[in-house]
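Asker: First the structure, then my questions, so here it is.
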Amino acid sequence: MLQPQLTRRDLFRLAALAGGGAAAGGLLSACGADGTAPASADIAPNAKITFASTTITNSLDPHAALSNTGRSYAVQVYDTLVQFDPGGGGFAPGLATAWKRVDDTTLELTLREGVTFHEGGAFDAAAVVANIERLTGDSSGKLTQVKGFLGAVTKATAVDAKTVRITTGTPDPILLNRLTRVDIVDPSIFASSTQKASGTGPFRVTGYTPAQKIELERYARSWRSTDRVATATLQAISDPNTLASALRSGEVDIAFGLGPTQAEQMRGSFGIKATSAGSCAICSMIPAVEPKLADPRVREAINLAVNRDEFVAAGLAGYGKPSTGQLLQPGFQGYDSSFGPLPHDIAKARQLLKDAGAENLRLDIATTAIFKSQAETVAGYLGAVGIKSEVQLQELSAFIGTLLKNSTVPLLYWQTDYFDLRDIASVSRFGPQAAGVQRHFENDEYPALYTQANKEMDATRREALIKQMAKLLREQYGVLFLAWPDLVYVHSKRLVEVGLTGNSLVRLESLGKTA
Amino acid sequence: MRRRLAGMLTKGAGLVVVTLGILSLLFFIIRLSGDPAAILAGPGASPEQIAETGRALGLDRPLWMQYREFLADTLTLRLGDSLLTQRPALDMVLDRLPATLLLAGSTLLTVLVVAVPVGAFAARFHGRLGGRAVALLTAVVQAVPNFLLGIGLIWLFSLYLGWLPTFGSGTAAQLVLPTLTLAAFTGARVARLLRTELLEDAGADWMRTARAKGVPGLRILVRHALRHAGLPVLALLTVEVSYLVSGAVVVETLYAYGGIGKQLVDAVFNRDYPVVQATVLVVAVGVIVVNAVGEWLMGVLDPRTVA
């Protein structure tokens with residue numbers, strides 16, 4: 001995540017459950033101050049909730065939304081065909097109640113019956129086809145992000161009113177993952193989707209002030225609807241200090257986007273909901289900028305320089321876990337539980353640098369403002385083994401270019417988000433690169449494995465390929481592994497139940513607020 | 001009359017050229033310092049996706065070609081749609097303009113209502129405890145950065161006293177803290193300037209004459225001294241209005257206040273060219289209008305200032 005949603009975009013944003021079980025199955029946590037959850041009987045119906053974050057969606061149209069900031073809104077107003085199961089690594093029904101592979105390139109989905117859009121139209125296979133065609137046929141550049149998530153999808157076909165087939169140009173092992181990113185928008189509002197919203201979710205939009213707030217009210221006909229929350233406001237408060245003050249004053253019930261240190265300071269007076277972010281904090285090491293980084297001994301030395309437990313405690317205020325030398329964390333396909341902790345050994349690091357003739361190395365770190373303190377922590381560790389390092393802050397738009405194309409700085413601090421598709425496919429930076437684009441890991445085997453894994457339809461074989469990729473990256477110290485950061489929500493203690501989606505977004509309809 | 005009209009037209013043409021110059025500069029700076037296609041395509045995008053987005057938005061064309069179009073569009077006020085929201089950029093700015101104008105208006109009013117009496121008080125009690133205290137206070141207020149003062153005000157009025165909301169716009173209560181934050185610096189500056197002017201005037205011949213004639217002190221202050229000292233204050237306020245825009249950027253961000261300042265910051269960070277350009281155009285026109293009004297008022301108060 002480049003921004004804690006985005007963060008500040010992207011800053012980090014980020015339960016409904018199977019078969020319409022509204023909140024119950026998805027309540028991942030929710031404890032009172034003493035650690036005990038009050039009985040549901042204490043939860044008052046028809047609550048009014050204010051959910052604030054540093055940014056909100058840039059558009060009412062979820063297909064045009066950027067980053068997870070948009071997802072925090074979309075998940076309240078729209079449904080997807082399938083969704084990640086918050087209780088585990090699998091999938092849960094959404095607007096599709098069942099699905100099956102017809103062949104390697106075709107997926108057939110059975111749609112939920114009796115669902116209507118907020119504007120009154122019926123949800124059916126034609127609506128799904130219209131949504132897929134809208135995205136695959138877009139040439140305006142305005143739906144790029146969501147279109148990108150569709151990958152190899154070429155078309156959707158209505159078999160009958162409640163059955164739809166989705167076809168890909170090539171076999172796509174993560175097609176279901178991709179469908180979790182496609183909100184189904186009422187086709188009747190395609191032409192006015194930036195002005196109005198119509199989905200099938202448990203809330204309808206009643207007011208929208210661009211970039212400031214979205215007013216929602218319960219849509220009782222939604223299959224996810226509960227009587228817990230009657231109205232809600234999604235509010236943007238970009239200054240974290242003001243965001244914290246708004247929580248303290250009681251104007252906001254739940255907040256996202258506070259820095260880990262700030263969140264930790266509020267512990268005790270407020271509830272904290274920390275959950276996996278589906279992301280790994282790393283530093284890319286770019287040999288094209290500093291040739292010494294092509295030497296595995298130098299890369300190992302850099303990895304040995306960092307005390308990851310300390311990094312999590314100091315850089316992330318405890319909200320995260322030390323990476324064990326792999327990008328994926330537990331719960332993701334291809335996570336390798338056999339990897340032990342990475343050692344912290346300054347003496348060995350110094351020796352390796354000496355052996356490699358890389359003493360007095362200078363390795364500056366480029367990153368964005370939101371990762372400044374973490375990058376400075378890394379610079380401190382490098383200093384301890386004799387590597388001079390300073391942090392260079394770049395604006396997000398400039399940093400994305402640096403990250404995805406070419407850098408003039410040898411180290412890049414970033415987070416390899418894979419929460420969106422919950423799959424290693426999201427981390428494409430170490431996969432095959434276009435001509436002229438810098439490689440962050442100069443190894444030919446890894447991109448080949450990446451390509452192979454993204455075509456492999458057999459789950460067992462695919463998992464083995466991903467593990468092979470992880471092993472290669474760790475053995476070669478392809479990146480500086482740091483930690484798996486958490487997403488942190490801070491909420492009023494009156495919120496005694498906070499349900500999340502499978503990719504850690506708040507489900508407003510699940511919130512339990514005491515009177 | 002004809003000469004005056006010609007002068008006004010020359011001045012107007014000059015302002016148009018200046019505005020176009022500012023927008024042109026902005027055009028190149030913002031385009032050369034970041035890529036909106038990267039933002040739109042997202043951090044997880046491949047270079048090919050970013051390139052495709054850039055092509056769809058016309059950003060792959062040569063810069064001079066984009067600039068030529070930009071100039072033609074600007075001159076006809078076709079400022080385009082926001083790259084992020086797909087709404088007309090000028091509409092977005094005009095939607096938020098009233099909130100910023102309200103904030104600027106309430107700030108100016110607060111400055112006048114508070115700073116003028118404070119400045120007069122400091123001059124009247126110059127050298128005494130009250131005067132020294134006010135001089136110190138205004139110096140401190142002027143030295144405190146906007147955002148720090150804002151955080152302090154939030155703590156006092158929202159958290160400790162619970163009187164005012166911490167964020168938002170649209171209600172009178174939500175206007176108070178942003179206004180106080182924005183007015184503090186300008187108010188302190190005006191109070192100090194007024195104090196200095198009044199102290200200088202205190203020894204002037206016309207003041208001695210008025211006192212010798214037995215004119216009451218309050219009347220001397222209001223009818224003569226303030227009127228005389230008001231000219232530099234008015235000149236300062238005219239300049240300060242331009243600075244209010246930059247102050248509004250900080251204050252609107254801090255209080256999540258829905259004005260054009262916050263929108264401008266977001267647009268710059270997102271490289272949302274049309275919104276940045278529309279905002280700068282509107283602000284430039286606003287500053288030009290304020291300067292013209294300021295000049296006119298100066299002329300009314302002191303006809304000698306009219307060339």
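Convention: chains lettered A, B, ... in structure tokens order; per-chain residue numbering from 1; ligands numbered from 1 as shown.
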Write out as a PyMOL selection string the residues lying within 12 Å of Asp73 (chain B), counting only C-alpha atoms and excluding same-chain residues fewer than 4 positions away.
Answerer: chain B and resi 20+23+66-69+77-81+274+277-278
Asker: Can you tell me which residues surround region 344-357 of chain A at a distance of at most 9 Å, considering only C-alpha atoms, apart from same-chain residues fewer than 4 positions away, and format the answer as a VMD selection string?
Answerer: chain A and resid 292 295 297 to 298 300 to 308 361 384 to 386
Asker: For Leu15 (chain B), please output as a PyMOL selection string all residues within 10 Å (counting only C-alpha atoms; exclusion window: fewer than 5 positions along the same chain).
Answerer: chain B and resi 9-10+20-21+284-285+288
Asker: Give the alpha helix (DSSP H) residues of region 107-301 of chain B, as DSSP finds them on the backbone, and put them as a PDB file with C-alpha atoms, in the first residue's frame.
Answerer:
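Resulting contents of out_1.pdb:
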```pdb
ATOM      1  CA  THR B 107     -11.790  36.326   8.871  1.00  0.00           C
ATOM      2  CA  LEU B 108     -11.608  39.899   7.606  1.00  0.00           C
ATOM      3  CA  LEU B 109     -14.548  40.877   9.777  1.00  0.00           C
ATOM      4  CA  THR B 110     -12.918  39.294  12.814  1.00  0.00           C
ATOM      5  CA  VAL B 116      -8.601  47.698  15.430  1.00  0.00           C
ATOM      6  CA  PRO B 117      -9.632  48.096  19.092  1.00  0.00           C
ATOM      7  CA  VAL B 118      -6.637  46.062  20.185  1.00  0.00           C
ATOM      8  CA  GLY B 119      -4.250  48.210  18.131  1.00  0.00           C
ATOM      9  CA  ALA B 120      -5.868  51.388  19.446  1.00  0.00           C
ATOM     10  CA  PHE B 121      -5.693  50.060  23.017  1.00  0.00           C
ATOM     11  CA  ALA B 122      -2.005  49.212  22.624  1.00  0.00           C
ATOM     12  CA  ALA B 123      -1.281  52.690  21.307  1.00  0.00           C
ATOM     13  CA  ARG B 124      -3.343  54.406  23.989  1.00  0.00           C
ATOM     14  CA  LEU B 129       1.434  47.377  31.480  1.00  0.00           C
ATOM     15  CA  GLY B 130      -1.679  46.989  29.280  1.00  0.00           C
ATOM     16  CA  GLY B 131       0.077  48.258  26.187  1.00  0.00           C
ATOM     17  CA  ARG B 132       3.098  46.065  26.757  1.00  0.00           C
ATOM     18  CA  ALA B 133       0.926  43.024  27.366  1.00  0.00           C
ATOM     19  CA  VAL B 134      -0.940  43.566  24.101  1.00  0.00           C
ATOM     20  CA  ALA B 135       2.301  44.138  22.216  1.00  0.00           C
ATOM     21  CA  LEU B 136       3.688  40.910  23.601  1.00  0.00           C
ATOM     22  CA  LEU B 137       0.496  38.989  22.902  1.00  0.00           C
ATOM     23  CA  THR B 138       0.303  40.142  19.294  1.00  0.00           C
ATOM     24  CA  ALA B 139       3.954  39.280  18.781  1.00  0.00           C
ATOM     25  CA  VAL B 140       3.369  35.785  20.153  1.00  0.00           C
ATOM     26  CA  VAL B 141       0.237  35.241  18.090  1.00  0.00           C
ATOM     27  CA  GLN B 142       2.083  36.327  14.984  1.00  0.00           C
ATOM     28  CA  ALA B 143       4.869  33.896  15.712  1.00  0.00           C
ATOM     29  CA  ASN B 146      -1.433  28.414  11.766  1.00  0.00           C
ATOM     30  CA  PHE B 147      -1.596  24.685  12.202  1.00  0.00           C
ATOM     31  CA  LEU B 148      -0.203  24.796  15.724  1.00  0.00           C
ATOM     32  CA  LEU B 149      -2.672  27.444  16.773  1.00  0.00           C
ATOM     33  CA  GLY B 150      -5.435  25.395  15.183  1.00  0.00           C
ATOM     34  CA  ILE B 151      -4.504  22.300  17.135  1.00  0.00           C
ATOM     35  CA  GLY B 152      -4.488  24.362  20.323  1.00  0.00           C
ATOM     36  CA  LEU B 153      -7.897  25.832  19.561  1.00  0.00           C
ATOM     37  CA  ALA B 172     -21.930  28.739  11.929  1.00  0.00           C
ATOM     38  CA  ALA B 173     -20.298  26.680  14.674  1.00  0.00           C
ATOM     39  CA  GLN B 174     -18.026  25.006  12.143  1.00  0.00           C
ATOM     40  CA  LEU B 175     -16.885  28.408  10.913  1.00  0.00           C
ATOM     41  CA  VAL B 176     -15.625  29.662  14.270  1.00  0.00           C
ATOM     42  CA  LEU B 177     -12.377  27.791  14.748  1.00  0.00           C
ATOM     43  CA  PRO B 178     -11.171  28.101  11.133  1.00  0.00           C
ATOM     44  CA  THR B 179     -11.930  31.817  11.302  1.00  0.00           C
ATOM     45  CA  LEU B 180     -10.048  32.321  14.552  1.00  0.00           C
ATOM     46  CA  THR B 181      -7.095  30.358  13.259  1.00  0.00           C
ATOM     47  CA  LEU B 182      -6.921  32.280  10.027  1.00  0.00           C
ATOM     48  CA  ALA B 183      -7.595  35.660  11.623  1.00  0.00           C
ATOM     49  CA  ALA B 184      -4.958  35.369  14.305  1.00  0.00           C
ATOM     50  CA  PHE B 185      -1.899  36.130  12.197  1.00  0.00           C
ATOM     51  CA  THR B 186      -3.477  38.872  10.111  1.00  0.00           C
ATOM     52  CA  GLY B 187      -5.196  40.330  13.155  1.00  0.00           C
ATOM     53  CA  ALA B 188      -1.956  40.509  15.097  1.00  0.00           C
ATOM     54  CA  ARG B 189      -0.238  42.090  12.152  1.00  0.00           C
ATOM     55  CA  VAL B 190      -2.952  44.674  11.689  1.00  0.00           C
ATOM     56  CA  ALA B 191      -3.042  45.482  15.407  1.00  0.00           C
ATOM     57  CA  ARG B 192       0.705  46.006  15.483  1.00  0.00           C
ATOM     58  CA  LEU B 193       0.679  48.139  12.365  1.00  0.00           C
ATOM     59  CA  LEU B 194      -2.196  50.213  13.670  1.00  0.00           C
ATOM     60  CA  ARG B 195      -0.449  50.684  16.984  1.00  0.00           C
ATOM     61  CA  THR B 196       2.693  51.892  15.233  1.00  0.00           C
ATOM     62  CA  GLU B 197       0.776  54.240  12.966  1.00  0.00           C
ATOM     63  CA  LEU B 198      -1.212  55.693  15.864  1.00  0.00           C
ATOM     64  CA  LEU B 199       1.925  56.208  17.901  1.00  0.00           C
ATOM     65  CA  GLU B 200       3.569  58.005  14.995  1.00  0.00           C
ATOM     66  CA  ASP B 201       0.491  60.152  14.549  1.00  0.00           C
ATOM     67  CA  ALA B 202       0.348  60.961  18.238  1.00  0.00           C
ATOM     68  CA  ASP B 205       0.985  68.653  14.418  1.00  0.00           C
ATOM     69  CA  TRP B 206      -2.628  68.009  13.485  1.00  0.00           C
ATOM     70  CA  MET B 207      -3.079  65.843  16.555  1.00  0.00           C
ATOM     71  CA  ARG B 208      -1.643  68.514  18.822  1.00  0.00           C
ATOM     72  CA  THR B 209      -3.918  71.053  17.194  1.00  0.00           C
ATOM     73  CA  ALA B 210      -6.970  68.874  17.741  1.00  0.00           C
ATOM     74  CA  ARG B 211      -6.082  68.342  21.378  1.00  0.00           C
ATOM     75  CA  ALA B 212      -5.375  72.083  21.828  1.00  0.00           C
ATOM     76  CA  GLY B 217      -9.855  61.999  22.881  1.00  0.00           C
ATOM     77  CA  LEU B 218     -12.263  59.380  21.547  1.00  0.00           C
ATOM     78  CA  ARG B 219     -13.344  61.676  18.763  1.00  0.00           C
ATOM     79  CA  LEU B 226      -7.915  56.015  12.823  1.00  0.00           C
ATOM     80  CA  ARG B 227      -8.818  57.506   9.491  1.00  0.00           C
ATOM     81  CA  HIS B 228      -5.253  58.507   8.918  1.00  0.00           C
ATOM     82  CA  ALA B 229      -3.766  55.279  10.224  1.00  0.00           C
ATOM     83  CA  GLY B 230      -6.392  53.304   8.325  1.00  0.00           C
ATOM     84  CA  LEU B 231      -4.713  53.882   4.975  1.00  0.00           C
ATOM     85  CA  PRO B 232      -1.679  51.669   5.554  1.00  0.00           C
ATOM     86  CA  VAL B 233      -3.935  49.175   7.310  1.00  0.00           C
ATOM     87  CA  LEU B 234      -6.182  49.018   4.262  1.00  0.00           C
ATOM     88  CA  ALA B 235      -3.145  48.571   2.034  1.00  0.00           C
ATOM     89  CA  LEU B 236      -1.975  45.754   4.288  1.00  0.00           C
ATOM     90  CA  LEU B 237      -5.378  44.080   4.276  1.00  0.00           C
ATOM     91  CA  THR B 238      -5.477  44.182   0.490  1.00  0.00           C
ATOM     92  CA  VAL B 239      -2.214  42.285   0.413  1.00  0.00           C
ATOM     93  CA  GLU B 240      -3.286  39.980   3.234  1.00  0.00           C
ATOM     94  CA  VAL B 241      -6.333  38.837   1.280  1.00  0.00           C
ATOM     95  CA  SER B 242      -3.962  37.198  -1.172  1.00  0.00           C
ATOM     96  CA  TYR B 243      -2.230  35.483   1.717  1.00  0.00           C
ATOM     97  CA  LEU B 244      -5.563  34.308   3.072  1.00  0.00           C
ATOM     98  CA  VAL B 245      -5.697  31.861   0.195  1.00  0.00           C
ATOM     99  CA  SER B 246      -2.461  30.205   1.253  1.00  0.00           C
ATOM    100  CA  GLY B 247      -3.607  30.334   4.867  1.00  0.00           C
ATOM    101  CA  ALA B 248      -6.880  28.735   3.838  1.00  0.00           C
ATOM    102  CA  VAL B 249      -4.976  25.794   2.385  1.00  0.00           C
ATOM    103  CA  VAL B 250      -3.602  24.965   5.828  1.00  0.00           C
ATOM    104  CA  VAL B 251      -6.714  25.825   7.802  1.00  0.00           C
ATOM    105  CA  GLU B 252      -9.135  24.039   5.498  1.00  0.00           C
ATOM    106  CA  THR B 253      -6.977  20.942   5.626  1.00  0.00           C
ATOM    107  CA  LEU B 254      -6.712  21.047   9.396  1.00  0.00           C
ATOM    108  CA  ILE B 260     -11.091  25.518  -2.489  1.00  0.00           C
ATOM    109  CA  GLY B 261      -7.866  25.540  -0.485  1.00  0.00           C
ATOM    110  CA  LYS B 262      -8.155  21.920   0.535  1.00  0.00           C
ATOM    111  CA  GLN B 263      -9.356  20.975  -2.911  1.00  0.00           C
ATOM    112  CA  LEU B 264      -6.344  22.670  -4.463  1.00  0.00           C
ATOM    113  CA  VAL B 265      -3.937  20.729  -2.272  1.00  0.00           C
ATOM    114  CA  ASP B 266      -5.595  17.448  -3.150  1.00  0.00           C
ATOM    115  CA  ALA B 267      -5.591  18.333  -6.831  1.00  0.00           C
ATOM    116  CA  VAL B 268      -1.904  19.216  -6.787  1.00  0.00           C
ATOM    117  CA  PHE B 269      -0.961  15.985  -5.068  1.00  0.00           C
ATOM    118  CA  TYR B 273      -4.470  19.398 -13.841  1.00  0.00           C
ATOM    119  CA  PRO B 274      -7.900  20.717 -14.732  1.00  0.00           C
ATOM    120  CA  VAL B 275      -8.839  21.349 -11.094  1.00  0.00           C
ATOM    121  CA  VAL B 276      -5.505  22.973 -10.289  1.00  0.00           C
ATOM    122  CA  GLN B 277      -5.801  25.231 -13.304  1.00  0.00           C
ATOM    123  CA  ALA B 278      -9.408  26.144 -12.596  1.00  0.00           C
ATOM    124  CA  THR B 279      -8.596  26.927  -8.963  1.00  0.00           C
ATOM    125  CA  VAL B 280      -5.628  29.091  -9.844  1.00  0.00           C
ATOM    126  CA  LEU B 281      -7.659  30.926 -12.443  1.00  0.00           C
ATOM    127  CA  VAL B 282     -10.442  31.652  -9.965  1.00  0.00           C
ATOM    128  CA  VAL B 283      -8.001  32.701  -7.253  1.00  0.00           C
ATOM    129  CA  ALA B 284      -6.099  34.940  -9.668  1.00  0.00           C
ATOM    130  CA  VAL B 285      -9.311  36.655 -10.699  1.00  0.00           C
ATOM    131  CA  GLY B 286     -10.263  36.999  -7.041  1.00  0.00           C
ATOM    132  CA  VAL B 287      -6.951  38.599  -6.120  1.00  0.00           C
ATOM    133  CA  ILE B 288      -7.217  40.968  -9.061  1.00  0.00           C
ATOM    134  CA  VAL B 289     -10.716  42.003  -7.994  1.00  0.00           C
ATOM    135  CA  VAL B 290      -9.650  42.487  -4.378  1.00  0.00           C
ATOM    136  CA  ASN B 291      -6.702  44.618  -5.432  1.00  0.00           C
ATOM    137  CA  ALA B 292      -8.937  46.727  -7.639  1.00  0.00           C
ATOM    138  CA  VAL B 293     -11.422  47.232  -4.805  1.00  0.00           C
ATOM    139  CA  GLY B 294      -8.565  48.031  -2.425  1.00  0.00           C
ATOM    140  CA  GLU B 295      -7.206  50.643  -4.789  1.00  0.00           C
ATOM    141  CA  TRP B 296     -10.634  52.155  -5.200  1.00  0.00           C
ATOM    142  CA  LEU B 297     -11.143  52.349  -1.448  1.00  0.00           C
ATOM    143  CA  MET B 298      -7.743  53.952  -0.999  1.00  0.00           C
ATOM    144  CA  GLY B 299      -8.753  56.530  -3.540  1.00  0.00           C
ATOM    145  CA  VAL B 300     -11.963  57.246  -1.690  1.00  0.00           C
ATOM    146  CA  LEU B 301     -10.194  57.600   1.649  1.00  0.00           C
TER     147      LEU B 301
END
```
Asker: To one decimal place, how far is CA of Trp99 (chain A) from CA of Gln76 (chain A) in Å?
Answerer: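 So the two atoms, CA of Trp99 (chain A) and CA of Gln76 (chain A), lie 23.5 Å apart.
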